[in-house]
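Novice: Input entry_22.txt, format and content: compact mmCIF, C-alpha atoms.
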# COMPACT_ATOMS: atom_id res chain seq x y z
CA MET A 1 -85.37 0.16 98.88
CA ARG A 2 -84.39 3.78 99.31
CA SER A 3 -84.99 5.71 102.48
CA TYR A 4 -87.69 8.38 102.61
CA LEU A 5 -86.57 9.81 105.94
CA ILE A 6 -85.90 13.53 106.12
CA ALA A 7 -82.32 12.90 107.25
CA ASP A 8 -81.68 10.82 104.13
CA THR A 9 -83.26 13.11 101.52
CA THR A 10 -82.95 16.61 100.15
CA ARG A 11 -85.89 18.99 99.82
CA GLU A 12 -85.94 18.36 96.07
CA GLU A 13 -86.05 14.60 96.61
CA ARG A 14 -88.91 14.98 99.09
CA GLU A 15 -90.86 17.10 96.59
CA GLN A 16 -90.34 14.39 93.98
CA ILE A 17 -91.38 11.65 96.41
CA VAL A 18 -94.67 13.44 97.19
CA GLU A 19 -95.34 14.23 93.53
CA GLU A 20 -94.69 10.65 92.43
CA SER A 21 -96.80 9.25 95.25
CA LEU A 22 -99.81 11.43 94.55
CA GLY A 23 -99.65 11.34 90.77
CA ASN A 24 -100.95 14.36 88.90
CA ILE A 25 -101.13 17.00 91.64
CA SER A 26 -102.63 19.53 89.25
CA GLY A 27 -105.63 17.25 88.71
CA SER A 28 -108.95 18.53 87.47
CA CYS A 29 -111.00 17.77 90.59
CA ASP A 30 -111.50 21.37 91.72
CA GLY A 31 -107.94 21.49 93.03
CA CYS A 32 -108.34 18.56 95.41
CA MET A 33 -105.00 16.97 94.46
CA ALA A 34 -103.15 20.22 95.02
CA GLY A 35 -104.85 20.43 98.42
CA LEU A 36 -103.79 16.90 99.24
CA ALA A 37 -100.20 17.82 98.35
CA GLU A 38 -100.41 20.63 100.92
CA MET A 39 -100.97 17.99 103.59
CA TYR A 40 -97.41 16.82 102.97
CA GLN A 41 -95.80 20.28 102.96
CA ASP A 42 -94.31 19.73 106.44
CA TYR A 43 -92.53 16.65 105.07
CA ILE A 44 -91.21 18.58 102.08
CA ASP A 45 -90.04 21.35 104.44
CA GLY A 46 -88.29 18.78 106.65
CA LYS A 47 -90.52 19.38 109.70
CA LYS A 48 -92.37 16.03 109.94
CA GLU A 49 -91.82 12.55 108.57
CA ILE A 50 -94.40 11.08 106.19
CA ARG A 51 -95.31 8.53 108.85
CA GLU A 52 -96.18 11.28 111.35
CA ILE A 53 -98.39 13.10 108.87
CA ASN A 54 -100.23 9.92 107.90
CA MET A 55 -100.72 8.92 111.55
CA GLU A 56 -102.14 12.36 112.43
CA PHE A 57 -104.51 12.21 109.47
CA ARG A 58 -105.70 8.71 110.34
CA ALA A 59 -106.17 9.59 114.01
CA ARG A 60 -108.44 12.53 113.12
CA TYR A 61 -110.30 10.47 110.53
CA THR A 62 -110.86 7.52 112.87
CA SER A 63 -111.82 9.48 115.97
CA GLY A 64 -113.82 12.14 114.18
CA SER A 65 -112.60 14.69 116.70
CA GLU A 66 -111.60 17.95 115.16
CA ALA A 67 -111.66 16.29 111.77
CA PRO A 68 -111.32 18.45 108.69
CA GLU A 69 -114.39 18.90 106.53
CA ARG A 70 -114.80 16.81 103.43
CA ASN A 71 -115.96 18.30 100.17
CA GLU A 72 -117.42 16.48 97.18
CA CYS A 73 -114.10 15.33 95.72
CA GLY A 74 -112.81 13.82 98.94
CA TYR A 75 -110.24 16.45 99.90
CA TYR A 76 -110.22 17.31 103.56
CA ASN A 77 -109.94 21.03 104.31
CA GLU A 78 -108.51 22.13 107.62
Rewrite the structure from the file as structure tokens, please.
Specialist:
Amino acid sequence: MRSYLIADTTREEREQIVEESLGNISGSCDGCMAGLAEMYQDYIDGKKEIREINMEFRARYTSGSEAPERNECGYYNE
């Protein structure tokens, strides 16, 4: 299994990892997939690991505190 850590990947590899994980990021759901890809921009830029981003998202979702709004296609806006 290959490493997804920032230290072990290039920016281009991280972009590919996010794109492959999310599927078609230019989906037809009013831009919701493109918005979801933005959530992982800090990973692509090498600022935060995927694990950190997912943990932050889950913490806001679970607690409901300062949670982003949800629109009809499930994308959470900040």
Novice: Fewer than 3 positions away in the same chain doesn't count, so skip those; otherwise give me all residues within 6 Å of range 13-21 of chain A, counting all atoms listed in the file, as a list in words.
Specialist: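 These residues fall inside the cut-off: Thr9, Thr10 and Ile44 of chain A.
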Novice: Restricting it to C-alpha atoms, dump the selection as a tab-separated table (two decimals), keeping the file's coordinate frame.
Specialist:
chain	number	residue	atom	x	y	z
A	9	THR	CA	-83.26	13.11	101.52
A	10	THR	CA	-82.95	16.61	100.15
A	44	ILE	CA	-91.21	18.58	102.08
Novice: Using all atoms listed in the file, list the residues that have an atom at most 10 Å from (-83.9, 14.9, 106.2), coordinates as in the file, as a list in words.
Specialist: Ser3, Tyr4, Leu5, Ile6, Ala7, Asp8, Thr9, Thr10, Arg11, Glu13, Arg14, Tyr43, Ile44, Asp45, Gly46, Lys47, Lys48 and Glu49 of chain A
Novice: By how many Å are CA of Leu36 in chain A and CA of Leu22 in chain A apart?
Specialist: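 It comes out at 8.2 Å.
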Novice: Expressed in Å to a single decimal, how great is the separation between CA of Arg58 in chain A and CA of Met1 in chain A?
Specialist: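 Value for the CA of Arg58 in chain A-CA of Met1 in chain A distance: 24.9 Å.
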